[in-house]
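Student: Hey, dropping my_file-v3.txt in here, compact mmCIF, C-alpha atoms:
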```txt
# COMPACT_ATOMS: atom_id res chain seq x y z
CA MET Z 1 0.00 0.00 0.00
CA PRO Z 2 1.19 3.61 -0.51
CA ALA Z 3 2.95 5.24 2.46
CA THR Z 4 -0.09 7.46 2.97
CA THR Z 5 -3.23 5.55 2.03
CA PRO Z 6 -5.53 7.64 -0.18
CA ARG Z 7 -8.85 8.21 1.55
CA THR Z 8 -10.96 9.62 -1.27
CA LEU Z 9 -11.67 8.48 -4.81
CA ASP Z 10 -9.99 11.58 -6.26
CA ALA Z 11 -6.90 10.88 -4.15
CA TRP Z 12 -6.77 7.30 -5.42
CA LEU Z 13 -7.07 8.40 -9.04
CA GLU Z 14 -4.28 10.95 -8.58
CA TYR Z 15 -2.12 8.27 -6.93
CA LEU Z 16 -2.70 5.81 -9.77
CA GLU Z 17 -1.67 8.39 -12.36
CA ARG Z 18 1.45 9.26 -10.39
CA VAL Z 19 2.66 5.75 -9.56
CA HIS Z 20 2.70 4.65 -13.24
CA PRO Z 21 2.88 7.84 -15.34
CA VAL Z 22 2.85 5.93 -18.66
CA GLY Z 23 -0.77 6.20 -19.79
CA ILE Z 24 -0.81 3.22 -22.17
CA ASP Z 25 1.42 0.16 -21.77
CA LEU Z 26 -0.11 -2.66 -23.83
CA GLY Z 27 0.50 -6.21 -22.64
CA LEU Z 28 -1.23 -8.81 -20.48
CA ASP Z 29 1.62 -10.27 -18.41
CA ARG Z 30 1.49 -7.69 -15.63
CA VAL Z 31 -2.32 -7.55 -15.50
CA ALA Z 32 -2.63 -11.34 -15.57
CA GLU Z 33 -0.18 -11.69 -12.70
CA VAL Z 34 -2.13 -9.31 -10.47
CA ALA Z 35 -5.42 -10.90 -11.58
CA ARG Z 36 -4.00 -14.27 -10.50
CA ARG Z 37 -3.09 -12.88 -7.10
CA MET Z 38 -6.64 -11.52 -6.76
CA ALA Z 39 -8.13 -14.92 -7.72
CA LEU Z 40 -9.95 -13.31 -10.64
CA LEU Z 41 -9.00 -16.12 -12.99
CA ASP Z 42 -10.22 -18.97 -10.79
CA GLU Z 43 -13.87 -18.88 -11.88
CA PRO Z 44 -16.10 -16.73 -14.12
CA LEU Z 45 -17.01 -13.23 -12.94
CA ALA Z 46 -20.63 -13.75 -13.96
CA SER Z 47 -22.98 -16.39 -15.32
CA ARG Z 48 -22.40 -14.92 -18.80
CA ILE Z 49 -19.71 -12.53 -20.02
CA ILE Z 50 -19.85 -10.43 -23.20
CA THR Z 51 -16.76 -8.50 -24.28
CA VAL Z 52 -17.11 -5.61 -26.75
CA ALA Z 53 -14.19 -4.33 -28.84
CA GLY Z 54 -13.98 -1.99 -31.82
CA THR Z 55 -12.97 1.48 -32.92
CA ASN Z 56 -16.37 3.19 -32.67
CA GLY Z 57 -19.73 2.18 -31.28
CA LYS Z 58 -18.55 0.24 -28.24
CA GLY Z 59 -20.19 2.46 -25.65
CA SER Z 60 -23.60 2.50 -27.29
CA THR Z 61 -23.46 -1.25 -27.95
CA VAL Z 62 -22.62 -1.95 -24.30
CA ALA Z 63 -25.42 0.36 -23.16
CA MET Z 64 -27.98 -1.39 -25.36
CA ILE Z 65 -26.84 -4.88 -24.29
CA GLU Z 66 -27.12 -3.70 -20.69
CA ALA Z 67 -30.59 -2.20 -21.18
CA LEU Z 68 -31.90 -5.24 -23.03
CA ALA Z 69 -30.58 -7.68 -20.45
CA ARG Z 70 -32.03 -5.68 -17.57
CA ALA Z 71 -35.39 -5.54 -19.37
CA HIS Z 72 -35.28 -9.35 -19.39
CA GLY Z 73 -34.85 -9.42 -15.62
CA LEU Z 74 -31.12 -10.18 -15.49
CA SER Z 75 -28.72 -8.66 -13.00
CA VAL Z 76 -26.09 -6.83 -15.05
CA ALA Z 77 -22.65 -5.34 -14.48
CA ALA Z 78 -21.28 -3.02 -17.19
CA TYR Z 79 -17.70 -1.75 -17.40
CA THR Z 80 -16.87 1.01 -19.88
CA SER Z 81 -14.25 3.69 -20.50
CA PRO Z 82 -13.45 6.49 -20.61
CA HIS Z 83 -15.88 8.49 -18.50
CA LEU Z 84 -17.36 11.91 -19.24
CA LEU Z 85 -17.92 13.65 -15.91
CA ARG Z 86 -17.27 11.16 -13.09
CA TYR Z 87 -15.01 8.14 -12.82
CA ASN Z 88 -17.96 6.29 -11.27
CA GLU Z 89 -19.58 6.17 -14.73
CA ARG Z 90 -17.13 3.44 -15.72
CA LEU Z 91 -18.79 0.74 -13.62
CA ARG Z 92 -22.54 0.17 -13.33
CA PHE Z 93 -24.51 -2.45 -11.45
CA ASP Z 94 -28.10 -2.81 -12.63
CA GLY Z 95 -27.90 0.65 -14.18
CA ASN Z 96 -26.49 2.38 -11.07
CA GLU Z 97 -22.99 3.81 -10.99
CA ALA Z 98 -20.59 2.28 -8.48
CA ASP Z 99 -20.21 4.54 -5.48
CA ASP Z 100 -16.94 5.99 -4.20
CA ALA Z 101 -16.68 3.51 -1.32
CA ALA Z 102 -16.92 0.50 -3.63
CA LEU Z 103 -14.33 1.86 -6.06
CA ILE Z 104 -11.95 2.69 -3.22
CA ALA Z 105 -12.31 -0.87 -1.90
CA GLY Z 106 -11.51 -2.13 -5.39
CA PHE Z 107 -8.39 0.02 -5.66
CA GLU Z 108 -7.25 -1.12 -2.22
CA ALA Z 109 -7.63 -4.76 -3.29
CA VAL Z 110 -5.63 -4.14 -6.47
CA GLU Z 111 -2.91 -2.27 -4.61
CA ALA Z 112 -2.54 -4.98 -1.99
CA ALA Z 113 -2.29 -7.65 -4.68
CA ARG Z 114 0.21 -5.81 -6.89
CA LEU Z 115 2.53 -5.25 -3.90
CA THR Z 116 2.31 -8.84 -2.71
CA GLU Z 117 5.43 -10.85 -3.62
CA GLU Z 118 7.37 -8.94 -6.31
CA PRO Z 119 5.73 -5.51 -6.92
CA VAL Z 120 3.99 -5.17 -10.30
CA SER Z 121 3.59 -1.86 -12.11
CA LEU Z 122 0.07 -1.10 -13.43
CA THR Z 123 -1.23 1.78 -15.52
CA TYR Z 124 -4.23 3.86 -14.44
CA PHE Z 125 -6.45 1.93 -16.87
CA GLU Z 126 -5.11 -1.47 -15.80
CA ALA Z 127 -5.63 -0.75 -12.11
CA GLY Z 128 -9.13 0.55 -12.81
CA THR Z 129 -9.97 -2.51 -14.89
CA LEU Z 130 -8.79 -4.92 -12.22
CA ALA Z 131 -10.71 -3.01 -9.54
CA ALA Z 132 -13.87 -3.22 -11.66
CA LEU Z 133 -13.38 -6.95 -12.31
CA TRP Z 134 -12.87 -7.58 -8.59
CA LEU Z 135 -16.07 -5.72 -7.73
CA ILE Z 136 -18.01 -7.59 -10.43
CA ALA Z 137 -16.67 -10.93 -9.17
CA ARG Z 138 -17.91 -10.16 -5.66
CA ARG Z 139 -21.46 -9.72 -7.03
CA ARG Z 140 -21.50 -12.59 -9.57
CA PRO Z 141 -24.24 -11.03 -11.72
CA ASP Z 142 -26.19 -12.88 -14.38
CA LEU Z 143 -24.33 -10.92 -17.07
CA ALA Z 144 -21.13 -8.88 -17.21
CA VAL Z 145 -20.63 -6.62 -20.25
CA LEU Z 146 -17.02 -5.48 -20.60
CA GLU Z 147 -15.87 -2.78 -23.01
CA VAL Z 148 -12.33 -3.26 -24.27
CA GLY Z 149 -10.06 -0.21 -24.28
CA LEU Z 150 -8.20 0.98 -27.36
CA GLY Z 151 -6.86 -2.45 -28.29
CA GLY Z 152 -8.03 -6.02 -28.04
CA ARG Z 153 -5.49 -8.82 -27.82
CA LEU Z 154 -3.24 -6.95 -25.38
CA ASP Z 155 -5.91 -4.90 -23.61
CA ALA Z 156 -6.33 -5.37 -19.85
CA VAL Z 157 -9.96 -6.47 -20.27
CA ASN Z 158 -8.78 -9.41 -22.38
CA VAL Z 159 -7.38 -11.13 -19.32
CA ILE Z 160 -10.96 -12.39 -18.89
CA ASP Z 161 -12.39 -15.12 -21.14
CA ALA Z 162 -15.75 -14.04 -22.53
CA ASP Z 163 -18.64 -16.25 -23.61
CA VAL Z 164 -19.42 -13.90 -26.51
CA ALA Z 165 -16.98 -11.56 -28.28
CA VAL Z 166 -18.39 -8.53 -30.10
CA ILE Z 167 -16.49 -6.39 -32.60
CA THR Z 168 -18.34 -3.24 -33.63
CA THR Z 169 -16.21 -1.41 -36.21
CA ILE Z 170 -12.60 -1.23 -37.34
CA ALA Z 171 -11.16 2.12 -38.39
CA LEU Z 172 -7.90 4.06 -38.06
CA ASP Z 173 -7.41 5.45 -34.56
CA HIS Z 174 -4.65 5.28 -31.92
CA ALA Z 175 -2.15 4.75 -34.75
CA ALA Z 176 0.82 5.12 -32.40
CA PHE Z 177 -0.25 1.92 -30.63
CA LEU Z 178 -2.25 -0.03 -33.23
CA GLY Z 179 -0.59 1.05 -36.47
CA ASN Z 180 -1.95 2.49 -39.72
CA GLU Z 181 -2.98 -0.75 -41.38
CA LEU Z 182 -6.58 -1.97 -41.01
CA GLU Z 183 -5.77 -5.66 -41.38
CA GLY Z 184 -3.34 -5.44 -38.47
CA ILE Z 185 -5.83 -3.50 -36.37
CA GLY Z 186 -8.45 -6.13 -37.18
CA ARG Z 187 -6.18 -8.91 -35.91
CA GLU Z 188 -5.59 -7.00 -32.66
CA LYS Z 189 -9.32 -6.44 -32.06
CA ALA Z 190 -10.07 -10.08 -32.92
CA GLY Z 191 -7.75 -11.12 -30.11
CA ILE Z 192 -10.77 -11.06 -27.74
CA MET Z 193 -12.27 -14.13 -29.49
CA ARG Z 194 -12.12 -17.52 -27.81
CA ALA Z 195 -12.28 -21.05 -29.25
CA GLY Z 196 -15.81 -22.38 -29.48
CA CYS Z 197 -17.35 -19.10 -28.25
CA PRO Z 198 -19.59 -17.00 -30.55
CA ALA Z 199 -18.14 -13.91 -32.21
CA VAL Z 200 -20.62 -11.21 -33.27
CA LEU Z 201 -19.36 -8.87 -35.99
CA GLY Z 202 -21.28 -5.60 -35.99
CA SER Z 203 -20.05 -3.95 -39.19
CA ARG Z 204 -20.42 -4.79 -42.86
CA GLU Z 205 -16.95 -3.37 -43.57
CA LEU Z 206 -14.58 -5.24 -41.30
CA PRO Z 207 -11.13 -6.19 -42.63
CA ALA Z 208 -10.68 -9.79 -43.76
CA SER Z 209 -8.27 -10.42 -40.88
CA VAL Z 210 -11.20 -10.45 -38.42
CA ARG Z 211 -12.92 -13.44 -40.02
CA GLN Z 212 -9.57 -15.11 -40.61
CA SER Z 213 -8.77 -14.74 -36.90
CA ALA Z 214 -12.16 -16.23 -36.00
CA ARG Z 215 -11.45 -19.27 -38.20
CA GLU Z 216 -7.99 -19.71 -36.70
CA ARG Z 217 -9.42 -19.57 -33.17
CA GLY Z 218 -12.43 -21.75 -33.93
CA ALA Z 219 -14.93 -19.04 -33.00
CA PRO Z 220 -18.32 -19.35 -34.75
CA VAL Z 221 -19.25 -16.05 -36.41
CA SER Z 222 -22.51 -14.13 -36.72
CA ALA Z 223 -22.00 -11.14 -39.02
CA LEU Z 224 -24.11 -8.06 -39.69
CA GLY Z 225 -25.64 -8.49 -43.13
CA PRO Z 226 -25.58 -12.21 -43.88
CA ASP Z 227 -26.49 -13.50 -40.40
CA PHE Z 228 -28.40 -10.68 -38.72
CA TYR Z 229 -29.67 -7.29 -39.85
CA TRP Z 230 -32.14 -4.47 -39.27
CA GLN Z 231 -34.50 -2.67 -41.62
CA ALA Z 232 -36.91 0.23 -41.37
CA ALA Z 233 -40.28 -0.85 -40.00
CA THR Z 234 -43.66 0.05 -41.45
CA VAL Z 235 -44.22 2.15 -38.31
CA GLU Z 236 -42.31 5.44 -38.47
CA GLY Z 237 -39.51 5.73 -35.94
CA CYS Z 238 -39.19 1.95 -35.54
CA PHE Z 239 -37.07 -0.85 -36.98
CA ASP Z 240 -37.36 -4.59 -37.49
CA TRP Z 241 -34.57 -7.01 -36.56
CA GLN Z 242 -33.76 -10.49 -37.74
CA GLY Z 243 -31.05 -12.64 -36.23
CA THR Z 244 -29.92 -16.18 -35.63
CA ALA Z 245 -30.37 -18.45 -32.62
CA PRO Z 246 -27.30 -20.18 -31.11
CA GLN Z 247 -28.45 -23.60 -32.30
CA GLY Z 248 -29.64 -22.35 -35.67
CA GLY Z 249 -32.97 -20.96 -36.75
CA ILE Z 250 -34.22 -17.45 -37.44
CA LEU Z 251 -35.21 -14.91 -34.79
CA SER Z 252 -37.43 -11.92 -35.66
CA LEU Z 253 -38.47 -8.85 -33.70
CA ASP Z 254 -40.71 -6.23 -35.30
CA GLY Z 255 -41.51 -2.61 -34.50
CA LEU Z 256 -38.65 -1.87 -32.10
CA PRO Z 257 -38.30 1.84 -31.24
CA ASP Z 258 -35.34 3.63 -32.81
CA PRO Z 259 -33.13 4.37 -29.77
CA GLY Z 260 -31.48 7.37 -31.45
CA LEU Z 261 -28.21 5.40 -31.55
CA PRO Z 262 -26.63 3.61 -34.53
CA LEU Z 263 -29.02 0.86 -35.58
CA ASP Z 264 -26.10 -1.34 -36.63
CA ASN Z 265 -25.12 -1.30 -32.95
CA ALA Z 266 -28.69 -1.97 -31.84
CA ALA Z 267 -28.84 -5.00 -34.14
CA THR Z 268 -25.46 -6.14 -32.83
CA ALA Z 269 -26.59 -5.83 -29.21
CA LEU Z 270 -29.64 -8.00 -29.92
CA GLN Z 271 -27.53 -10.63 -31.68
CA ALA Z 272 -24.97 -10.64 -28.84
CA LEU Z 273 -27.68 -11.44 -26.30
CA ALA Z 274 -29.12 -14.14 -28.55
CA ALA Z 275 -25.62 -15.61 -28.94
CA ALA Z 276 -25.30 -15.62 -25.14
CA GLY Z 277 -28.36 -17.86 -24.95
CA ILE Z 278 -30.85 -15.26 -23.76
CA VAL Z 279 -34.35 -15.80 -25.15
CA LEU Z 280 -35.43 -12.42 -26.52
CA ASP Z 281 -38.93 -11.24 -25.72
CA GLU Z 282 -40.32 -8.68 -28.19
CA ARG Z 283 -42.18 -6.64 -25.57
CA ARG Z 284 -39.13 -6.42 -23.30
CA CYS Z 285 -36.89 -5.49 -26.24
CA ARG Z 286 -39.27 -2.69 -27.19
CA ALA Z 287 -39.19 -1.31 -23.64
CA ALA Z 288 -35.39 -1.40 -23.54
CA MET Z 289 -34.93 0.35 -26.89
CA ALA Z 290 -37.42 3.04 -25.93
CA ASP Z 291 -35.58 3.87 -22.70
CA VAL Z 292 -31.86 3.48 -23.43
CA ARG Z 293 -29.80 6.67 -23.37
CA VAL Z 294 -26.05 7.16 -23.69
CA PRO Z 295 -24.63 10.54 -22.60
CA GLY Z 296 -22.40 12.10 -25.22
CA ARG Z 297 -23.65 9.98 -28.11
CA MET Z 298 -25.94 12.04 -30.35
CA GLN Z 299 -27.20 13.63 -27.15
CA TRP Z 300 -29.54 16.53 -27.87
CA LEU Z 301 -29.85 19.34 -25.32
CA GLY Z 302 -32.18 21.78 -27.02
CA GLN Z 303 -30.36 23.06 -30.11
CA TRP Z 304 -27.10 21.44 -29.07
CA CYS Z 305 -26.07 17.94 -30.18
CA LEU Z 306 -23.16 16.48 -28.21
CA ASP Z 307 -21.17 13.54 -29.52
CA VAL Z 308 -17.77 12.20 -28.47
CA GLY Z 309 -16.86 11.24 -32.04
CA HIS Z 310 -13.15 11.94 -32.55
CA ASN Z 311 -12.11 10.11 -35.72
CA PRO Z 312 -13.19 10.24 -39.38
CA HIS Z 313 -15.37 7.14 -39.16
CA ALA Z 314 -17.39 8.57 -36.25
CA ALA Z 315 -17.54 12.00 -37.89
CA GLY Z 316 -18.91 10.44 -41.07
CA TYR Z 317 -21.72 8.85 -39.09
CA LEU Z 318 -22.52 12.19 -37.45
CA ALA Z 319 -22.59 13.94 -40.81
CA GLY Z 320 -24.99 11.35 -42.16
CA ARG Z 321 -27.34 11.70 -39.19
CA LEU Z 322 -27.39 15.50 -39.44
CA ALA Z 323 -27.88 15.42 -43.22
CA ALA Z 324 -30.92 13.19 -42.68
CA GLN Z 325 -32.36 15.76 -40.25
CA PRO Z 326 -31.87 19.12 -41.99
CA CYS Z 327 -32.63 22.32 -40.09
CA ARG Z 328 -33.88 25.67 -41.39
CA GLY Z 329 -31.01 27.66 -39.94
CA ARG Z 330 -27.26 27.24 -39.80
CA THR Z 331 -25.41 24.17 -38.55
CA TRP Z 332 -22.52 25.25 -36.35
CA VAL Z 333 -19.74 22.84 -35.42
CA LEU Z 334 -17.95 23.50 -32.12
CA LEU Z 335 -14.77 21.44 -32.46
CA GLY Z 336 -11.97 20.61 -30.05
CA MET Z 337 -9.49 17.78 -30.61
CA LEU Z 338 -6.38 16.16 -29.22
CA ALA Z 339 -3.11 16.39 -31.11
CA ASP Z 340 -2.88 12.65 -31.86
CA LYS Z 341 -6.22 12.50 -33.69
CA ASP Z 342 -6.86 12.79 -37.44
CA ALA Z 343 -8.20 16.34 -37.51
CA ASP Z 344 -8.16 16.61 -41.31
CA GLY Z 345 -10.21 13.44 -41.64
CA VAL Z 346 -12.78 14.64 -39.11
CA ILE Z 347 -13.03 18.07 -40.75
CA GLU Z 348 -13.44 16.56 -44.20
CA ALA Z 349 -16.20 14.23 -42.96
CA LEU Z 350 -18.15 17.10 -41.35
CA ASP Z 351 -17.56 19.68 -44.07
CA SER Z 352 -20.73 18.86 -46.00
CA VAL Z 353 -23.03 19.64 -43.05
CA ALA Z 354 -21.10 22.48 -41.36
CA ASP Z 355 -22.14 26.03 -42.26
CA GLU Z 356 -19.83 27.69 -39.75
CA TRP Z 357 -17.16 26.45 -37.34
CA VAL Z 358 -16.00 27.47 -33.89
CA THR Z 359 -12.73 25.92 -32.73
CA ALA Z 360 -11.63 25.50 -29.12
CA THR Z 361 -8.37 24.67 -27.39
CA LEU Z 362 -8.61 21.79 -24.93
CA GLY Z 363 -6.53 21.67 -21.77
CA GLY Z 364 -3.55 19.35 -21.26
CA GLU Z 365 -0.36 18.45 -23.07
CA ARG Z 366 -2.11 16.49 -25.86
CA ALA Z 367 -4.46 19.32 -26.87
CA ARG Z 368 -4.55 20.97 -30.27
CA GLU Z 369 -4.69 24.72 -30.41
CA ALA Z 370 -7.87 26.31 -31.73
CA SER Z 371 -5.76 28.24 -34.22
CA GLU Z 372 -4.32 25.05 -35.71
CA LEU Z 373 -7.79 23.54 -36.10
CA ALA Z 374 -8.94 26.78 -37.73
CA ARG Z 375 -6.10 26.67 -40.27
CA ARG Z 376 -6.99 23.11 -41.19
CA ILE Z 377 -10.70 23.93 -41.55
CA GLU Z 378 -9.94 26.93 -43.78
CA ALA Z 379 -7.62 24.76 -45.89
CA HIS Z 380 -10.67 22.55 -46.53
CA GLY Z 381 -12.70 25.61 -47.53
CA GLY Z 382 -14.66 25.92 -44.30
CA LYS Z 383 -15.67 29.15 -42.56
CA VAL Z 384 -14.24 29.60 -39.06
CA SER Z 385 -16.19 32.27 -37.21
CA TYR Z 386 -14.41 32.17 -33.87
CA GLN Z 387 -11.35 30.65 -32.18
CA ALA Z 388 -11.89 30.05 -28.46
CA ALA Z 389 -9.28 29.62 -25.77
CA THR Z 390 -11.51 27.03 -24.05
CA PRO Z 391 -14.63 25.00 -24.94
CA GLU Z 392 -16.66 27.05 -22.49
CA ILE Z 393 -15.64 30.35 -24.08
CA GLY Z 394 -16.60 28.93 -27.47
CA ALA Z 395 -19.98 27.87 -26.11
CA GLU Z 396 -20.60 31.29 -24.57
CA TRP Z 397 -19.76 33.00 -27.87
CA LEU Z 398 -22.08 30.69 -29.77
CA ALA Z 399 -24.95 30.96 -27.30
CA GLU Z 400 -25.08 34.72 -27.85
CA ARG Z 401 -25.38 34.32 -31.63
CA LEU Z 402 -27.59 31.28 -32.16
CA ALA Z 403 -30.79 31.90 -34.05
CA ALA Z 404 -33.91 30.00 -33.05
CA ASP Z 405 -33.62 27.63 -36.02
CA ASP Z 406 -29.84 27.08 -35.78
CA ARG Z 407 -28.22 23.98 -34.28
CA VAL Z 408 -24.78 23.19 -32.85
CA LEU Z 409 -22.78 19.98 -33.13
CA VAL Z 410 -20.21 19.65 -30.33
CA CYS Z 411 -17.64 16.96 -31.08
CA GLY Z 412 -13.99 15.98 -31.46
CA SER Z 413 -13.16 14.60 -28.02
CA PHE Z 414 -14.55 13.16 -24.79
CA PHE Z 415 -12.95 16.18 -23.10
CA MET Z 416 -14.84 18.52 -25.41
CA VAL Z 417 -18.21 16.96 -24.70
CA ALA Z 418 -17.52 16.77 -20.95
CA ALA Z 419 -16.68 20.47 -20.86
CA ILE Z 420 -19.87 21.48 -22.67
CA LEU Z 421 -22.03 19.11 -20.60
CA THR Z 422 -20.68 20.75 -17.45
CA TRP Z 423 -21.20 24.20 -18.96
CA LYS Z 424 -24.78 23.36 -19.93
CA GLN Z 425 -25.52 22.02 -16.46
CA ALA Z 426 -24.15 25.17 -14.84
CA HIS Z 427 -26.31 27.36 -17.06
CA ALA Z 428 -29.41 25.25 -16.38
CA ALA Z 429 -29.02 25.66 -12.62
```
Let me see the file written as structure tokens.
Tutor:
Amino acid sequence: MPATTPRTLDAWLEYLERVHPVGIDLGLDRVAEVARRMALLDEPLASRIITVAGTNGKGSTVAMIEALARAHGLSVAAYTSPHLLRYNERLRFDGNEADDAALIAGFEAVEAARLTEEPVSLTYFEAGTLAALWLIARRRPDLAVLEVGLGGRLDAVNVIDADVAVITTIALDHAAFLGNELEGIGREKAGIMRAGCPAVLGSRELPASVRQSARERGAPVSALGPDFYWQAATVEGCFDWQGTAPQGGILSLDGLPDPGLPLDNAATALQALAAAGIVLDERRCRAAMADVRVPGRMQWLGQWCLDVGHNPHAAGYLAGRLAAQPCRGRTWVLLGMLADKDADGVIEALDSVADEWVTATLGGERAREASELARRIEAHGGKVSYQAATPEIGAEWLAERLAADDRVLVCGSFFMVAAILTWKQAHAA
């Protein structure tokens, strides 16, 4: 344990960042060793485990799996990252965020285990993942849904064997760690698959290496398109889903409410539960899809749409959604990004729906300056109306100029959306 034991959650988080300052250190040896000491590998954390990997769409897929399972009466633990406003968001039990006391107990258990025998160094994410797994194991829920971090094969979450592996999308992101080649990224993400356990592929455009990896591992595949799919329902604002049962046969659900999230991900969530052996009830699925909400994913607050999309693939989806819902006034884009993200790709994807741009500088060493974003936007032919020193200043400037029929897309980073969510909450008080 540290010389002075942290007594608050904030103190623990600060300690974890300080004790292993490297933010990302891919590899399972260290995590597996501490997991062994914590007896996390002795028996399953839950009756069923679903692991979700991918470049985009993981958070919404996890949220819909969670909502659907709870609607079917299952006890559910969900682990996701990163968080928007509070670290507690990363771990939910039956829809409720883990409280500070539970998370502190988890960190204490991890710290005691990593210092037993030869000390083991853990990153902030690795320690948080192990704490979450320890807390889930103590509850033994009917279902645990685990979101993989940026990787797959070498991600801390992959120390756990899942009953169902889900891969949402594969796109270029985190190039410094995963490379610039989609086939290689696909192989890394596919590393969450296990022999004999179903793999659910939630995109029609996955690299060939994903299916090849499934064959090599002996993981039976259900893929969006040939094996399960969604289509617009006859009732406006609804969709129909068709999937496959674990032992073969066709499953159909009609008239499900559009959750306002990517319907590819909704279809994938339904197939993941079916693959896990859960008998889907149409009425319960309707209730879940009507109620599910994911903060920071196409989240509308009046005229403001907040989305954490921070790569070209996500930005392209946002552009498509906005183009399908035209407004009478101007579409403003309030953009803030980190320096290691593909700003040009994001700008190009949003250019067709953006009438005017406001750029903002995020805090921290990895932030891009608003002026640099503005130069890139102007190089693409876009109109930058204001460059803000912070997201909040950009929001204030915009709020004074919005017409009644204008709208604002806030995107580019989790940090960007978190800042504007906090700003909106302060102004609503």
Student: Quick one: axis-aligned box around all listed atoms of segment 350-361 of chain Z, 5 Å on every side, centre and edge lengths in Å to one decimal, written as lines of an AutoDock Vina configuration file.
Tutor:
```
center_x = -15.7
center_y = 22.4
center_z = -36.7
size_x = 24.7
size_y = 20.6
size_z = 28.6
```
Student: Counting all atoms listed in the file, what is within 7 Å of Arg368 of chain Z, bar same-chain residues fewer than 5 positions away, as a list in words?
Tutor: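 Contacts, in chain order: Met337, Leu338, Ala339, Thr361 and Leu362 of chain Z.
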Student: For a cutoff of 8 Å around the file-coordinate point (-29.4, -2.0, -25.8), which residues qualify once you count all atoms listed in the file? I'd like the result as a list in words.
Tutor: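 Checking each residue against the 8 Å limit leaves Ser60, Thr61, Val62, Ala63, Met64, Ile65, Glu66, Ala67, Leu68, Ala69, Ala266, Ala269, Leu270, Ala288, Met289 and Val292 of chain Z.
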Student: Counting all atoms listed in the file, what are the residues of segment 326-378 of chain Z within 10 Å of segment 391-397 of chain Z, and for each of them which pair of atoms is the nearest and at what distance in Å, to one decimal? Sort the table by chain and rising number, as CSV.
Tutor:
```
residue,atom,partner,partner_atom,distance
Z:Leu334,CA,Z:Gly394,CA,7.3
Z:Leu335,CA,Z:Pro391,CA,8.3
Z:Gly336,CA,Z:Pro391,CA,7.2
Z:Val358,CA,Z:Gly394,CA,6.6
Z:Thr359,CA,Z:Gly394,CA,7.2
Z:Ala360,CA,Z:Pro391,CA,5.2
Z:Thr361,CA,Z:Pro391,CA,6.7
Z:Leu362,CA,Z:Pro391,CA,6.8
Z:Gly363,CA,Z:Pro391,CA,9.3
Z:Ala370,CA,Z:Pro391,CA,9.7
```
Student: Find the residues near Ala214 of chain Z: any atom within 10 Å, counting all atoms listed in the file, skip ones fewer than 6 places away on the same chain, and give them as number ranges by chain.
Tutor: Z: 187, 190-199, 220-221
Student: Under the rule that all atoms listed in the file are counted, which of Z:Thr422, Z:Asn88, Z:Gln303, Z:Ser81 is the nearest residue to Leu146 of chain Z?
Tutor: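 Among the listed residues, Z:Ser81 lies closest to Leu146 of chain Z.
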Student: At what distance in Å, to one decimal, does atom CA of Gly59 of chain Z lie from atom CA of Met298 of chain Z?
Tutor: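 Interatomic distance, atom CA of Met298 of chain Z to atom CA of Gly59 of chain Z: 12.1 Å.
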Student: In terms of the shortest atom-to-atom distance over only C-alpha atoms, which of Z:Ala354, Z:Ile49, Z:Ala132, Z:Cys238 is closest to Pro326 of chain Z?
Tutor: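 Between Z:Ala354, Z:Ile49, Z:Ala132, Z:Cys238, the residue approaching Pro326 of chain Z most closely is Z:Ala354.
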Student: Residues at most 12 Å from Arg321 of chain Z, counting only C-alpha atoms, excluding those fewer than 4 positions away in the same chain, as a compact mmCIF listing (two decimals) with C-alpha atoms, in the frame of the given file?
Tutor:
```txt
# COMPACT_ATOMS: atom_id res chain seq x y z
CA GLY Z 260 -31.48 7.37 -31.45
CA LEU Z 261 -28.21 5.40 -31.55
CA PRO Z 262 -26.63 3.61 -34.53
CA LEU Z 263 -29.02 0.86 -35.58
CA ARG Z 297 -23.65 9.98 -28.11
CA MET Z 298 -25.94 12.04 -30.35
CA CYS Z 305 -26.07 17.94 -30.18
CA ASP Z 307 -21.17 13.54 -29.52
CA ALA Z 314 -17.39 8.57 -36.25
CA ALA Z 315 -17.54 12.00 -37.89
CA GLY Z 316 -18.91 10.44 -41.07
CA TYR Z 317 -21.72 8.85 -39.09
CA GLN Z 325 -32.36 15.76 -40.25
CA PRO Z 326 -31.87 19.12 -41.99
CA CYS Z 327 -32.63 22.32 -40.09
CA LEU Z 350 -18.15 17.10 -41.35
CA SER Z 352 -20.73 18.86 -46.00
CA VAL Z 353 -23.03 19.64 -43.05
CA LEU Z 409 -22.78 19.98 -33.13
```
Student: I'd like the contact shell of Lys189 of chain Z - 9 Å cut-off, all atoms listed in the file, skipping same-chain residues fewer than 6 positions apart - returned as a ChimeraX atom specification.
Tutor: /Z:53-55,148,150-153,167,170,210
Student: Kindly save the residues from that selection, with C-alpha atoms included, as a compact mmCIF listing (two decimals), in the frame of the given file.
Tutor:
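Generated output (selection.txt):
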```txt
# COMPACT_ATOMS: atom_id res chain seq x y z
CA ALA Z 53 -14.19 -4.33 -28.84
CA GLY Z 54 -13.98 -1.99 -31.82
CA THR Z 55 -12.97 1.48 -32.92
CA VAL Z 148 -12.33 -3.26 -24.27
CA LEU Z 150 -8.20 0.98 -27.36
CA GLY Z 151 -6.86 -2.45 -28.29
CA GLY Z 152 -8.03 -6.02 -28.04
CA ARG Z 153 -5.49 -8.82 -27.82
CA ILE Z 167 -16.49 -6.39 -32.60
CA ILE Z 170 -12.60 -1.23 -37.34
CA VAL Z 210 -11.20 -10.45 -38.42
```
Student: Under the rule that only C-alpha atoms are counted, which of Z:Val408, Z:Ala144, Z:Ile50, Z:Ile278 is the nearest residue to Ala162 of chain Z?
Tutor: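 Looking only at the distances to Ala162 of chain Z, the closest residue turns out to be Z:Ile50.
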